[in-house]
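Coordinates as given in work13.txt (compact mmCIF, C-alpha atoms and all ligand atoms):
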# COMPACT_ATOMS: atom_id res chain seq x y z
CA MET A 1 18.65 -9.94 -16.50
CA SER A 2 17.87 -12.83 -14.19
CA PRO A 3 19.81 -16.07 -14.55
CA VAL A 4 18.14 -19.00 -16.24
CA SER A 5 16.25 -20.99 -13.64
CA PRO A 6 15.49 -24.69 -13.75
CA VAL A 7 11.84 -24.26 -14.63
CA SER A 8 9.84 -27.31 -15.54
CA ASP A 9 8.39 -25.83 -18.71
CA ASN A 10 10.80 -23.50 -20.47
CA ALA A 11 8.65 -23.46 -23.58
CA PHE A 12 5.69 -22.12 -21.64
CA THR A 13 7.85 -19.47 -19.99
CA ALA A 14 9.18 -18.50 -23.40
CA ARG A 15 5.60 -18.01 -24.62
CA LEU A 16 4.89 -15.79 -21.63
CA ARG A 17 8.07 -13.81 -22.29
CA GLN A 18 6.82 -12.92 -25.76
CA PHE A 19 4.29 -10.63 -24.08
CA GLU A 20 7.03 -8.45 -22.60
CA GLY A 21 7.04 -5.00 -24.14
CA ARG A 22 3.60 -5.35 -25.75
CA THR A 23 1.12 -2.52 -25.37
CA VAL A 24 -2.12 -3.68 -23.82
CA GLY A 25 -4.51 -1.57 -25.90
CA PRO A 26 -5.18 1.95 -27.13
CA PRO A 27 -4.64 4.83 -24.67
CA GLU A 28 -7.48 5.31 -22.20
CA ARG A 29 -8.48 8.86 -21.36
CA GLY A 30 -9.86 9.77 -17.93
CA ALA A 31 -13.52 10.71 -17.74
CA ASP A 32 -12.74 14.11 -16.22
CA ALA A 33 -9.90 16.59 -16.37
CA VAL A 34 -8.07 17.26 -13.11
CA ASN A 35 -10.56 19.30 -11.08
CA GLN A 36 -10.96 20.93 -7.71
CA ALA A 37 -14.04 18.99 -6.63
CA MET A 38 -12.41 15.57 -6.90
CA ILE A 39 -9.24 16.85 -5.21
CA ARG A 40 -11.32 18.25 -2.34
CA HIS A 41 -13.18 14.97 -1.82
CA TRP A 42 -9.89 13.10 -1.87
CA VAL A 43 -8.02 15.27 0.65
CA GLU A 44 -11.04 15.29 2.97
CA ALA A 45 -11.22 11.49 2.81
CA VAL A 46 -7.53 11.01 3.61
CA GLY A 47 -7.29 13.92 6.05
CA ASP A 48 -4.62 15.86 4.14
CA ASP A 49 -5.06 19.56 4.92
CA ASN A 50 -2.13 20.88 2.88
CA PRO A 51 -3.57 24.13 1.45
CA VAL A 52 -1.77 23.81 -1.93
CA TYR A 53 -4.47 21.31 -2.90
CA THR A 54 -7.52 23.43 -2.11
CA ASP A 55 -6.65 27.06 -1.33
CA ALA A 56 -5.90 29.09 -4.46
CA ASP A 57 -4.21 31.93 -2.57
CA ALA A 58 -1.98 29.60 -0.58
CA ALA A 59 -1.18 27.65 -3.73
CA ARG A 60 -0.22 30.84 -5.60
CA ALA A 61 2.14 31.79 -2.79
CA SER A 62 3.72 28.31 -2.82
CA VAL A 63 6.43 26.87 -5.09
CA HIS A 64 3.63 25.41 -7.23
CA GLY A 65 2.13 28.79 -8.21
CA ASP A 66 -1.31 27.24 -8.53
CA ILE A 67 -3.50 24.45 -7.17
CA VAL A 68 -1.96 21.00 -7.69
CA SER A 69 -3.32 17.50 -7.33
CA PRO A 70 -1.92 15.24 -4.59
CA PRO A 71 0.63 13.02 -6.38
CA VAL A 72 -0.93 9.82 -5.05
CA MET A 73 -4.22 10.75 -6.76
CA LEU A 74 -2.58 9.87 -10.09
CA GLN A 75 -4.68 6.78 -10.75
CA ALA A 76 -7.87 8.53 -9.61
CA TRP A 77 -7.78 10.67 -12.77
CA VAL A 78 -8.17 7.68 -15.06
CA MET A 79 -10.37 5.37 -12.97
CA ARG A 80 -12.99 3.62 -15.05
CA GLY A 81 -15.79 4.16 -12.55
CA VAL A 82 -18.24 1.75 -11.00
CA ARG A 83 -19.77 0.56 -14.25
CA PRO A 84 -17.20 -1.03 -16.51
CA ARG A 85 -16.96 0.27 -20.05
CA PRO A 86 -18.23 -1.99 -22.80
CA SER A 87 -15.57 -4.56 -23.59
CA ARG A 88 -13.33 -3.71 -26.50
CA GLY A 89 -12.74 -7.36 -27.08
CA GLY A 90 -9.72 -9.35 -25.98
CA SER A 91 -6.82 -7.10 -25.05
CA VAL A 92 -3.22 -8.26 -24.93
CA GLN A 93 -3.60 -8.44 -21.15
CA ASP A 94 -6.68 -10.69 -21.48
CA GLU A 95 -4.71 -12.89 -23.87
CA LEU A 96 -1.87 -13.26 -21.34
CA MET A 97 -4.29 -13.93 -18.45
CA ASN A 98 -6.14 -16.55 -20.51
CA LEU A 99 -2.85 -18.27 -21.30
CA LEU A 100 -1.97 -18.41 -17.59
CA ASP A 101 -5.49 -19.53 -16.63
CA GLY A 102 -5.29 -22.29 -19.21
CA ALA A 103 -2.06 -23.57 -17.64
CA GLY A 104 -3.72 -23.76 -14.23
CA PHE A 105 -2.46 -20.44 -12.82
CA THR A 106 -6.02 -19.33 -12.12
CA SER A 107 -5.60 -17.47 -8.82
CA VAL A 108 -4.41 -13.90 -8.65
CA VAL A 109 -3.09 -11.58 -5.99
CA ALA A 110 -1.68 -8.07 -6.33
CA THR A 111 1.80 -7.88 -4.82
CA ASN A 112 3.41 -4.50 -5.56
CA CYS A 113 2.48 -1.06 -6.75
CA GLU A 114 5.10 1.63 -7.30
CA GLN A 115 4.48 5.09 -8.68
CA GLU A 116 6.93 7.66 -10.01
CA TYR A 117 5.97 11.27 -10.53
CA GLU A 118 7.56 13.45 -13.22
CA ARG A 119 5.76 16.61 -12.13
CA TYR A 120 2.75 17.77 -10.14
CA VAL A 121 -0.53 17.42 -12.00
CA GLN A 122 -2.50 20.68 -12.19
CA LEU A 123 -6.13 21.72 -12.61
CA GLY A 124 -7.15 21.30 -16.24
CA ASP A 125 -4.62 18.58 -17.09
CA HIS A 126 -6.51 15.73 -18.75
CA LEU A 127 -4.69 12.43 -18.34
CA SER A 128 -4.61 9.35 -20.52
CA THR A 129 -2.88 6.08 -19.80
CA THR A 130 -0.96 3.61 -21.90
CA THR A 131 -0.36 0.19 -20.40
CA VAL A 132 2.52 -2.11 -21.35
CA ILE A 133 3.31 -5.64 -20.16
CA ALA A 134 6.69 -4.80 -18.61
CA ALA A 135 7.81 -8.23 -17.39
CA VAL A 136 6.68 -11.82 -16.90
CA SER A 137 8.78 -13.85 -14.47
CA ASP A 138 10.00 -17.42 -14.59
CA GLU A 139 7.90 -19.88 -12.65
CA LYS A 140 8.36 -19.08 -8.94
CA THR A 141 7.48 -20.99 -5.80
CA THR A 142 5.87 -18.67 -3.27
CA ALA A 143 4.04 -19.11 0.03
CA LEU A 144 0.75 -18.72 -1.84
CA GLY A 145 1.60 -21.17 -4.60
CA VAL A 146 3.58 -21.83 -7.75
CA GLY A 147 3.13 -19.05 -10.26
CA HIS A 148 4.37 -16.24 -12.45
CA PHE A 149 4.71 -12.57 -11.57
CA VAL A 150 3.31 -10.23 -14.20
CA THR A 151 4.35 -6.58 -14.09
CA THR A 152 2.49 -3.93 -16.07
CA ARG A 153 3.75 -0.38 -16.55
CA VAL A 154 1.18 2.37 -16.90
CA ASP A 155 2.32 5.73 -18.32
CA TYR A 156 0.19 8.78 -17.53
CA ARG A 157 0.31 11.54 -20.15
CA THR A 158 -1.42 14.85 -20.73
CA ASP A 159 -3.23 15.74 -23.95
CA ASP A 160 0.08 17.35 -25.02
CA ASP A 161 1.70 13.93 -24.69
CA GLU A 162 3.73 15.03 -21.68
CA LEU A 163 4.64 12.15 -19.36
CA VAL A 164 3.57 13.14 -15.82
CA GLY A 165 3.85 9.81 -14.01
CA THR A 166 4.41 6.08 -14.22
CA MET A 167 2.99 3.17 -12.23
CA ARG A 168 4.40 -0.34 -12.06
CA PHE A 169 1.79 -2.83 -10.89
CA ARG A 170 2.74 -6.44 -10.17
CA ILE A 171 0.46 -9.41 -9.70
CA LEU A 172 1.13 -13.07 -8.99
CA LYS A 173 -0.89 -15.56 -11.06
CA PHE A 174 -0.61 -18.86 -9.20
CA ARG A 175 -1.95 -22.40 -9.07
CA PRO A 176 -4.39 -22.66 -6.15
CA GLY A 177 -3.52 -25.34 -3.64
CA THR A 178 0.22 -25.34 -4.37
CA GLY A 179 1.24 -22.96 -1.55
CA ARG A 180 3.22 -24.00 1.49
CA GLY A 181 0.09 -23.85 3.67
CA ALA A 182 -1.67 -26.33 1.37
CA GLN A 183 0.91 -29.15 1.64
CA PRO A 184 -0.79 -32.12 3.29
CA ALA A 185 0.97 -33.23 6.47
CA ALA A 186 2.90 -36.49 6.21
CA GLU A 187 0.94 -37.88 9.14
CA PRO A 188 -2.20 -36.58 10.79
CA GLU A 189 -0.26 -36.19 14.04
CA ALA A 190 2.59 -34.31 12.37
CA ALA A 191 3.46 -31.12 14.15
CA ALA A 192 2.32 -27.89 12.52
CA PRO A 193 5.03 -26.44 10.31
CA PRO A 194 7.02 -23.68 11.97
CA ARG A 195 5.30 -20.35 11.61
CA PRO A 196 7.01 -18.22 8.98
CA PRO A 197 8.42 -14.94 10.25
CA ARG A 198 6.31 -11.87 10.05
CA PRO A 199 7.03 -9.69 6.99
CA ARG A 200 9.74 -7.14 7.80
CA PRO A 201 8.60 -3.54 8.07
CA ALA A 202 10.28 -1.10 5.70
CA VAL A 203 12.81 0.47 8.09
CA THR A 204 14.39 3.66 6.76
CA PRO A 205 16.76 6.25 8.28
CA ASP A 206 13.64 8.33 8.98
CA ASN A 207 11.69 5.74 10.94
CA ALA A 208 14.41 3.49 12.46
CA PHE A 209 14.16 5.30 15.83
CA TRP A 210 10.52 4.26 16.09
CA PHE A 211 11.25 0.55 15.59
CA GLU A 212 14.27 0.74 17.93
CA ALA A 213 12.05 2.21 20.66
CA ALA A 214 9.43 -0.47 19.96
CA ARG A 215 12.05 -3.16 20.58
CA GLU A 216 12.35 -1.64 24.08
CA HIS A 217 8.54 -1.57 24.36
CA ARG A 218 8.44 2.19 24.22
CA LEU A 219 5.79 3.82 22.04
CA VAL A 220 7.27 7.09 20.79
CA ILE A 221 6.02 9.95 18.66
CA GLN A 222 8.17 12.19 16.50
CA ARG A 223 8.07 15.83 17.59
CA CYS A 224 9.06 18.79 15.41
CA GLY A 225 12.03 20.76 16.76
CA GLY A 226 10.71 23.93 15.12
CA CYS A 227 7.04 24.13 16.10
CA GLY A 228 6.66 21.23 18.52
CA ARG A 229 3.93 19.54 16.48
CA LEU A 230 3.70 15.76 16.89
CA ARG A 231 3.62 13.61 13.77
CA HIS A 232 3.28 9.98 12.76
CA PRO A 233 4.34 8.13 10.69
CA PRO A 234 7.85 9.56 10.96
CA ARG A 235 8.92 11.95 8.23
CA THR A 236 12.06 13.85 7.29
CA ARG A 237 10.50 17.27 7.52
CA CYS A 238 7.67 19.00 9.34
CA GLY A 239 4.65 19.54 7.10
CA GLU A 240 3.59 22.44 9.30
CA CYS A 241 6.68 24.65 9.63
CA GLY A 242 9.18 22.93 7.31
CA SER A 243 11.77 22.25 10.00
CA TYR A 244 14.10 19.27 9.62
CA GLU A 245 14.80 19.27 13.39
CA TRP A 246 13.00 16.72 15.52
CA ASP A 247 13.15 14.57 18.59
CA ALA A 248 10.85 11.90 19.97
CA ARG A 249 8.64 11.86 23.03
CA GLU A 250 7.14 8.86 24.70
CA ALA A 251 3.40 8.32 24.36
CA LYS A 252 1.19 7.35 27.30
CA GLY A 253 0.00 4.37 25.28
CA THR A 254 -3.68 5.15 25.62
CA GLY A 255 -6.11 6.15 22.91
CA ALA A 256 -9.21 5.16 21.01
CA VAL A 257 -10.13 3.18 17.91
CA TYR A 258 -10.48 5.80 15.18
CA SER A 259 -11.28 3.23 12.49
CA PHE A 260 -10.63 -0.44 11.83
CA VAL A 261 -10.91 -3.27 9.34
CA VAL A 262 -11.17 -7.02 9.90
CA ASN A 263 -9.17 -8.94 7.29
CA HIS A 264 -10.24 -12.43 6.26
CA TYR A 265 -8.49 -12.84 2.90
CA PRO A 266 -5.93 -13.21 1.51
CA GLN A 267 -4.38 -15.07 4.44
CA VAL A 268 -0.66 -14.50 4.89
CA PRO A 269 0.88 -17.39 6.88
CA ALA A 270 2.56 -15.18 9.51
CA PHE A 271 -0.76 -13.79 10.74
CA ASP A 272 -3.85 -15.15 12.51
CA TYR A 273 -7.29 -14.60 10.98
CA PRO A 274 -9.64 -12.91 11.21
CA LEU A 275 -7.07 -10.15 11.66
CA ALA A 276 -8.32 -6.93 13.25
CA VAL A 277 -6.29 -3.92 12.16
CA GLY A 278 -7.06 -0.62 13.82
CA LEU A 279 -6.26 2.98 13.13
CA ILE A 280 -5.61 4.05 16.71
CA GLU A 281 -5.83 7.70 17.71
CA LEU A 282 -3.48 8.21 20.64
CA ASP A 283 -4.43 10.64 23.38
CA GLU A 284 -1.50 12.77 22.19
CA GLY A 285 -3.41 13.22 18.90
CA THR A 286 -1.39 11.21 16.37
CA ARG A 287 -2.72 8.03 14.79
CA LEU A 288 -1.03 4.75 14.04
CA VAL A 289 -1.99 1.45 12.46
CA ALA A 290 -1.81 -1.52 14.83
CA ASN A 291 -3.54 -4.81 15.52
CA VAL A 292 -6.49 -4.79 17.91
CA VAL A 293 -6.25 -7.73 20.32
CA GLY A 294 -8.08 -9.19 23.28
CA ILE A 295 -11.53 -8.84 21.76
CA GLU A 296 -13.71 -10.64 19.23
CA PRO A 297 -13.27 -8.69 15.98
CA SER A 298 -17.06 -8.45 15.63
CA ALA A 299 -17.21 -6.58 18.95
CA ILE A 300 -14.76 -3.82 18.02
CA GLU A 301 -16.33 -0.39 17.81
CA VAL A 302 -15.13 2.98 16.62
CA GLY A 303 -14.37 5.16 19.63
CA MET A 304 -13.55 2.23 21.91
CA ARG A 305 -10.84 3.11 24.46
CA VAL A 306 -7.66 1.06 24.09
CA VAL A 307 -4.27 0.69 25.72
CA VAL A 308 -1.02 -0.44 24.16
CA GLU A 309 0.57 -3.81 24.77
CA TRP A 310 3.62 -5.28 23.09
CA GLU A 311 3.88 -8.26 20.81
CA GLU A 312 7.28 -9.88 20.35
CA HIS A 313 7.16 -11.26 16.84
CA ASP A 314 10.86 -12.10 16.54
CA SER A 315 14.05 -11.42 18.40
CA ASP A 316 14.35 -8.17 16.50
CA LEU A 317 10.73 -7.18 15.91
CA SER A 318 8.35 -5.90 18.57
CA LEU A 319 5.22 -4.08 17.54
CA PRO A 320 2.50 -2.36 19.52
CA ALA A 321 -1.00 -3.83 19.61
CA PHE A 322 -4.00 -2.31 21.33
CA ARG A 323 -6.40 -3.92 23.78
CA PRO A 324 -9.76 -2.46 24.79
CA VAL A 325 -10.14 -1.06 28.29
CA ALA A 326 -13.32 0.00 30.05
CA ASP A 327 -14.06 3.72 29.86
CA GLY A 328 -12.24 5.59 32.58
CA SER A 329 -10.02 2.70 33.60
CA ALA A 330 -7.19 3.65 31.30
CA PRO A 331 -3.96 4.25 33.17
ZN ZN A 401 7.21 22.04 12.72
Render the structure in this file as structure tokens.
Ligand code: ZN
Amino acid sequence: MSPVSPVSDNAFTARLRQFEGRTVGPPERGADAVNQAMIRHWVEAVGDDNPVYTDADAARASVHGDIVSPPVMLQAWVMRGVRPRPSRGGSVQDELMNLLDGAGFTSVVATNCEQEYERYVQLGDHLSTTTVIAAVSDEKTTALGVGHFVTTRVDYRTDDDELVGTMRFRILKFRPGTGRGAQPAAEPEAAAPPRPPRPRPAVTPDNAFWFEAAREHRLVIQRCGGCGRLRHPPRTRCGECGSYEWDAREAKGTGAVYSFVVNHYPQVPAFDYPLAVGLIELDEGTRLVANVVGIEPSAIEVGMRVVVEWEEHDSDLSLPAFRPVADGSAP
């Protein structure tokens, strides 16, 4: 595994390591079996109109043979609901968190979530989860603070004990006030520390063309070579006609705010806060996530007309942002 690091308290790390491989508690069974109503609410909320999730005839004619649940709904089938269940007493996870809290690692932030699917979940499957502490890291120094990463693995099984999916969920438990942003300046007049680079987007063979065009300040949209449908974010294959052929067309750069959020916390050093993040619907019909600039976040409204402008974050990273324009004045 990882090489031994010069941590200040190897004994403490060794205690944390003893949690690795321990099961957190008894299996937890979802309140409801996989059902059509919850699937329908989900796909309406996320705007996924694939008929294999809701149309029995279309599903029967598909490779699935019957209605299936969207894979990313996995966790929805075991959610505890708004009201927490009565406490079962200290779980292994509580024990680990208490140990970290006691050592001063009282802050927490979720850092990664990865899911793997063994098969599609179908109507009537009733899922239960088993959670294991998969890994506890050495002490790490991060931008947020000094802390330990804790990874849990959740296995999702049917009543027949068939494994249908796995989720790895990683958090950082850290000491507040020990992050790079919290270091007091040597002198009051000291220059601000250099701004850390913006996190790199996940560039893949499927979406590299989009980021390359962005570097040239061109906003492009992937277009299916089979049926001509536009799609974003870029994908290998057309969800409409199944074609793998595609090219890209240039967007006009005008659109409207379809939805937005204003982030205040947690604050990542490469960004300015409050950070307005919009879901922009381009006039061509596709939507993309981009910062909304040139306006007080409190004044942003759904439906507001916007136009693209380009932000050069680094020598190799340009991203579109959108600025409001008066109705009718869009180019
Ligand atoms: Zn197509």
Which residues of chain A come within 12 Å of ligand ZN 401 (chain A), and for each one, what is the closest pair of atoms and their distance in Å to one decimal, counting all atoms listed in the file, sorted by chain and residue number, as a Markdown table?
| residue | atom | partner | partner_atom | distance |
| --- | --- | --- | --- | --- |
| A:Gln222 | CA | A:ZN401 | ZN | 10.6 |
| A:Arg223 | CA | A:ZN401 | ZN | 7.9 |
| A:Cys224 | CA | A:ZN401 | ZN | 4.6 |
| A:Gly225 | CA | A:ZN401 | ZN | 6.4 |
| A:Gly226 | CA | A:ZN401 | ZN | 4.6 |
| A:Cys227 | CA | A:ZN401 | ZN | 4.0 |
| A:Gly228 | CA | A:ZN401 | ZN | 5.9 |
| A:Arg229 | CA | A:ZN401 | ZN | 5.6 |
| A:Leu230 | CA | A:ZN401 | ZN | 8.3 |
| A:Arg231 | CA | A:ZN401 | ZN | 9.2 |
| A:Arg235 | CA | A:ZN401 | ZN | 11.2 |
| A:Thr236 | CA | A:ZN401 | ZN | 11.0 |
| A:Arg237 | CA | A:ZN401 | ZN | 7.8 |
| A:Cys238 | CA | A:ZN401 | ZN | 4.6 |
| A:Gly239 | CA | A:ZN401 | ZN | 6.7 |
| A:Glu240 | CA | A:ZN401 | ZN | 5.0 |
| A:Cys241 | CA | A:ZN401 | ZN | 4.1 |
| A:Gly242 | CA | A:ZN401 | ZN | 5.8 |
| A:Ser243 | CA | A:ZN401 | ZN | 5.3 |
| A:Tyr244 | CA | A:ZN401 | ZN | 8.0 |
| A:Glu245 | CA | A:ZN401 | ZN | 8.1 |
| A:Trp246 | CA | A:ZN401 | ZN | 8.3 |
| A:Asp247 | CA | A:ZN401 | ZN | 11.2 |
Expected file: the selected residues, C-alpha atoms, as a JSON list (two decimals), in the frame of the given file:
[["chain", "number", "residue", "atom", "x", "y", "z"],
["A", 222, "GLN", "CA", 8.17, 12.19, 16.50],
["A", 223, "ARG", "CA", 8.07, 15.83, 17.59],
["A", 224, "CYS", "CA", 9.06, 18.79, 15.41],
["A", 225, "GLY", "CA", 12.03, 20.76, 16.76],
["A", 226, "GLY", "CA", 10.71, 23.93, 15.12],
["A", 227, "CYS", "CA", 7.04, 24.13, 16.10],
["A", 228, "GLY", "CA", 6.66, 21.23, 18.52],
["A", 229, "ARG", "CA", 3.93, 19.54, 16.48],
["A", 230, "LEU", "CA", 3.70, 15.76, 16.89],
["A", 231, "ARG", "CA", 3.62, 13.61, 13.77],
["A", 235, "ARG", "CA", 8.92, 11.95, 8.23],
["A", 236, "THR", "CA", 12.06, 13.85, 7.29],
["A", 237, "ARG", "CA", 10.50, 17.27, 7.52],
["A", 238, "CYS", "CA", 7.67, 19.00, 9.34],
["A", 239, "GLY", "CA", 4.65, 19.54, 7.10],
["A", 240, "GLU", "CA", 3.59, 22.44, 9.30],
["A", 241, "CYS", "CA", 6.68, 24.65, 9.63],
["A", 242, "GLY", "CA", 9.18, 22.93, 7.31],
["A", 243, "SER", "CA", 11.77, 22.25, 10.00],
["A", 244, "TYR", "CA", 14.10, 19.27, 9.62],
["A", 245, "GLU", "CA", 14.80, 19.27, 13.39],
["A", 246, "TRP", "CA", 13.00, 16.72, 15.52],
["A", 247, "ASP", "CA", 13.15, 14.57, 18.59]]
Take CA of Asp272 in chain A and CA of Pro176 in chain A and report the distance between them in Å, one decimal.
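Between these atoms lies a distance of 20.1 Å.
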Can you tell me which residues surround Phe169 in chain A at a distance of at most 10 Å, considering only C-alpha atoms, apart from same-chain residues fewer than 3 positions away, and format the answer as a PDB file with C-alpha atoms, in the coordinates of the input?
ATOM      1  CA  ALA A 110      -1.680  -8.070  -6.330  1.00  0.00           C
ATOM      2  CA  THR A 111       1.800  -7.880  -4.820  1.00  0.00           C
ATOM      3  CA  ASN A 112       3.410  -4.500  -5.560  1.00  0.00           C
ATOM      4  CA  CYS A 113       2.480  -1.060  -6.750  1.00  0.00           C
ATOM      5  CA  GLU A 114       5.100   1.630  -7.300  1.00  0.00           C
ATOM      6  CA  GLN A 115       4.480   5.090  -8.680  1.00  0.00           C
ATOM      7  CA  ILE A 133       3.310  -5.640 -20.160  1.00  0.00           C
ATOM      8  CA  ALA A 134       6.690  -4.800 -18.610  1.00  0.00           C
ATOM      9  CA  VAL A 150       3.310 -10.230 -14.200  1.00  0.00           C
ATOM     10  CA  THR A 151       4.350  -6.580 -14.090  1.00  0.00           C
ATOM     11  CA  THR A 152       2.490  -3.930 -16.070  1.00  0.00           C
ATOM     12  CA  ARG A 153       3.750  -0.380 -16.550  1.00  0.00           C
ATOM     13  CA  VAL A 154       1.180   2.370 -16.900  1.00  0.00           C
ATOM     14  CA  THR A 166       4.410   6.080 -14.220  1.00  0.00           C
TER      15      THR A 166
END
Atom-to-atom span, CA of Val121 in chain A and CA of Met38 in chain A, Å
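A separation of 13.1 Å between them.
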Length of the CA of Met97 in chain A to CA of Val136 in chain A vector [Å]:
11.3 Å
For Leu163 in chain A, work out the shell of residues within 10 Å, counting all atoms listed in the file and skipping chain neighbours fewer than 2 positions away, then give it as a ChimeraX atom specification.
/A:117-119,127-129,155-161,165-166
Now that the selection is made, can you save its residues with C-alpha atoms as a PDB file, in the coordinates of the input?
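Result file result.pdb:
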ATOM      1  CA  TYR A 117       5.970  11.270 -10.530  1.00  0.00           C
ATOM      2  CA  GLU A 118       7.560  13.450 -13.220  1.00  0.00           C
ATOM      3  CA  ARG A 119       5.760  16.610 -12.130  1.00  0.00           C
ATOM      4  CA  LEU A 127      -4.690  12.430 -18.340  1.00  0.00           C
ATOM      5  CA  SER A 128      -4.610   9.350 -20.520  1.00  0.00           C
ATOM      6  CA  THR A 129      -2.880   6.080 -19.800  1.00  0.00           C
ATOM      7  CA  ASP A 155       2.320   5.730 -18.320  1.00  0.00           C
ATOM      8  CA  TYR A 156       0.190   8.780 -17.530  1.00  0.00           C
ATOM      9  CA  ARG A 157       0.310  11.540 -20.150  1.00  0.00           C
ATOM     10  CA  THR A 158      -1.420  14.850 -20.730  1.00  0.00           C
ATOM     11  CA  ASP A 159      -3.230  15.740 -23.950  1.00  0.00           C
ATOM     12  CA  ASP A 160       0.080  17.350 -25.020  1.00  0.00           C
ATOM     13  CA  ASP A 161       1.700  13.930 -24.690  1.00  0.00           C
ATOM     14  CA  GLY A 165       3.850   9.810 -14.010  1.00  0.00           C
ATOM     15  CA  THR A 166       4.410   6.080 -14.220  1.00  0.00           C
TER      16      THR A 166
END
Residues within 8 Å of (-0.1, 21.2, -1.4), file coordinates, counting all atoms listed in the file: what are they? Give the list as a PyMOL selection string.
chain A and resi 50-54+59+67-70
Store the residues picked out above, limited to C-alpha atoms, as a CSV table (one decimal), in the coordinates of the input.
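Output contents, as saved in result_23.csv:
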chain,number,residue,atom,x,y,z
A,50,ASN,CA,-2.1,20.9,2.9
A,51,PRO,CA,-3.6,24.1,1.4
A,52,VAL,CA,-1.8,23.8,-1.9
A,53,TYR,CA,-4.5,21.3,-2.9
A,54,THR,CA,-7.5,23.4,-2.1
A,59,ALA,CA,-1.2,27.6,-3.7
A,67,ILE,CA,-3.5,24.4,-7.2
A,68,VAL,CA,-2.0,21.0,-7.7
A,69,SER,CA,-3.3,17.5,-7.3
A,70,PRO,CA,-1.9,15.2,-4.6
Go through A:Val261, A:Val325, A:Val307, A:Val43 and flag the residue nearest Val72 in chain A, using all atoms listed in the file for the distances.
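Of A:Val261, A:Val325, A:Val307, A:Val43, the one nearest Val72 in chain A, counting all atoms listed in the file, is A:Val43.
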Quick one: residues within 12 Å of Ala213 in chain A, all atoms listed in the file, excluding same-chain residues fewer than 6 positions away - as a PyMOL selection string?
chain A and resi 207+219-222+248-251+310+316-320
Residues within 6 Å of (-10.1, 5.9, 24.7), file coordinates, counting only C-alpha atoms: what are they? Give the list as a list in words.
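Here is the list of nearby residues: Gly255, Ala256, Met304, Arg305 and Val306 of chain A.
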So, counting only C-alpha atoms, which residue among A:Thr286, A:Arg198, A:Gly47, A:Ala208 is closest to His313 in chain A?
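Checking each candidate against His313 in chain A, we get A:Arg198 as the closest.
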From A:Pro266, A:Pro71, A:Ser259, A:Asn10, residue lying nearest Glu281 in chain A [only C-alpha atoms]:
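Once distances to Glu281 in chain A are computed over only C-alpha atoms, the minimum belongs to A:Ser259.
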Fewer than 6 positions away in the same chain doesn't count, so skip those; otherwise give me all residues within 7 Å of Arg175 in chain A, counting only C-alpha atoms, as JSON, numbers by chain.
{"A": [104, 105, 106, 107, 145, 146, 147]}
Centre and edges of the range 146-162 of chain A box, axis-aligned, 4 Å extra per side, as lines of an AutoDock Vina configuration file:
center_x = 0.7
center_y = -2.2
center_z = -16.4
size_x = 15.9
size_y = 47.2
size_z = 25.3
Residues within 12 Å of Thr142 in chain A, please, as an mmCIF file with C-alpha atoms, in the coordinates of the input. Count all atoms listed in the file; anything in the same chain fewer than 5 positions from it doesn't count.
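Produced file selection_37.cif, reproduced below:
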data_model
loop_
_atom_site.group_PDB
_atom_site.id
_atom_site.type_symbol
_atom_site.label_atom_id
_atom_site.label_comp_id
_atom_site.auth_asym_id
_atom_site.auth_seq_id
_atom_site.Cartn_x
_atom_site.Cartn_y
_atom_site.Cartn_z
ATOM 1 C CA VAL A 109 -3.090 -11.580 -5.990
ATOM 2 C CA THR A 111 1.800 -7.880 -4.820
ATOM 3 C CA GLY A 147 3.130 -19.050 -10.260
ATOM 4 C CA HIS A 148 4.370 -16.240 -12.450
ATOM 5 C CA PHE A 149 4.710 -12.570 -11.570
ATOM 6 C CA LEU A 172 1.130 -13.070 -8.990
ATOM 7 C CA LYS A 173 -0.890 -15.560 -11.060
ATOM 8 C CA PHE A 174 -0.610 -18.860 -9.200
ATOM 9 C CA ARG A 175 -1.950 -22.400 -9.070
ATOM 10 C CA PRO A 176 -4.390 -22.660 -6.150
ATOM 11 C CA GLY A 177 -3.520 -25.340 -3.640
ATOM 12 C CA THR A 178 0.220 -25.340 -4.370
ATOM 13 C CA GLY A 179 1.240 -22.960 -1.550
ATOM 14 C CA ARG A 180 3.220 -24.000 1.490
ATOM 15 C CA GLY A 181 0.090 -23.850 3.670
ATOM 16 C CA ALA A 182 -1.670 -26.330 1.370
ATOM 17 C CA VAL A 268 -0.660 -14.500 4.890
ATOM 18 C CA PRO A 269 0.880 -17.390 6.880
#
Taking only C-alpha atoms into account, which of A:Ala326, A:Val292, A:Ala270, A:Ala33 comes nearest Asp314 in chain A?
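Of all the options, A:Ala270 lies closest to Asp314 in chain A.
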Hey, could you patch up range 286-290 of chain A with N, CA and C atoms and hand it over as a compact mmCIF listing (two decimals), keeping the file's coordinate frame?
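See rebuild.txt below for the written result:
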# COMPACT_ATOMS: atom_id res chain seq x y z
N THR A 286 -1.83 11.87 17.61
CA THR A 286 -1.39 11.21 16.37
C THR A 286 -2.07 9.85 16.26
N ARG A 287 -2.09 9.33 15.04
CA ARG A 287 -2.72 8.03 14.79
C ARG A 287 -1.69 7.05 14.28
N LEU A 288 -1.89 5.78 14.60
CA LEU A 288 -1.03 4.75 14.04
C LEU A 288 -1.84 3.50 13.74
N VAL A 289 -1.34 2.71 12.83
CA VAL A 289 -1.99 1.45 12.46
C VAL A 289 -1.41 0.34 13.33
N ALA A 290 -2.28 -0.43 13.96
CA ALA A 290 -1.81 -1.52 14.83
C ALA A 290 -2.93 -2.55 14.97
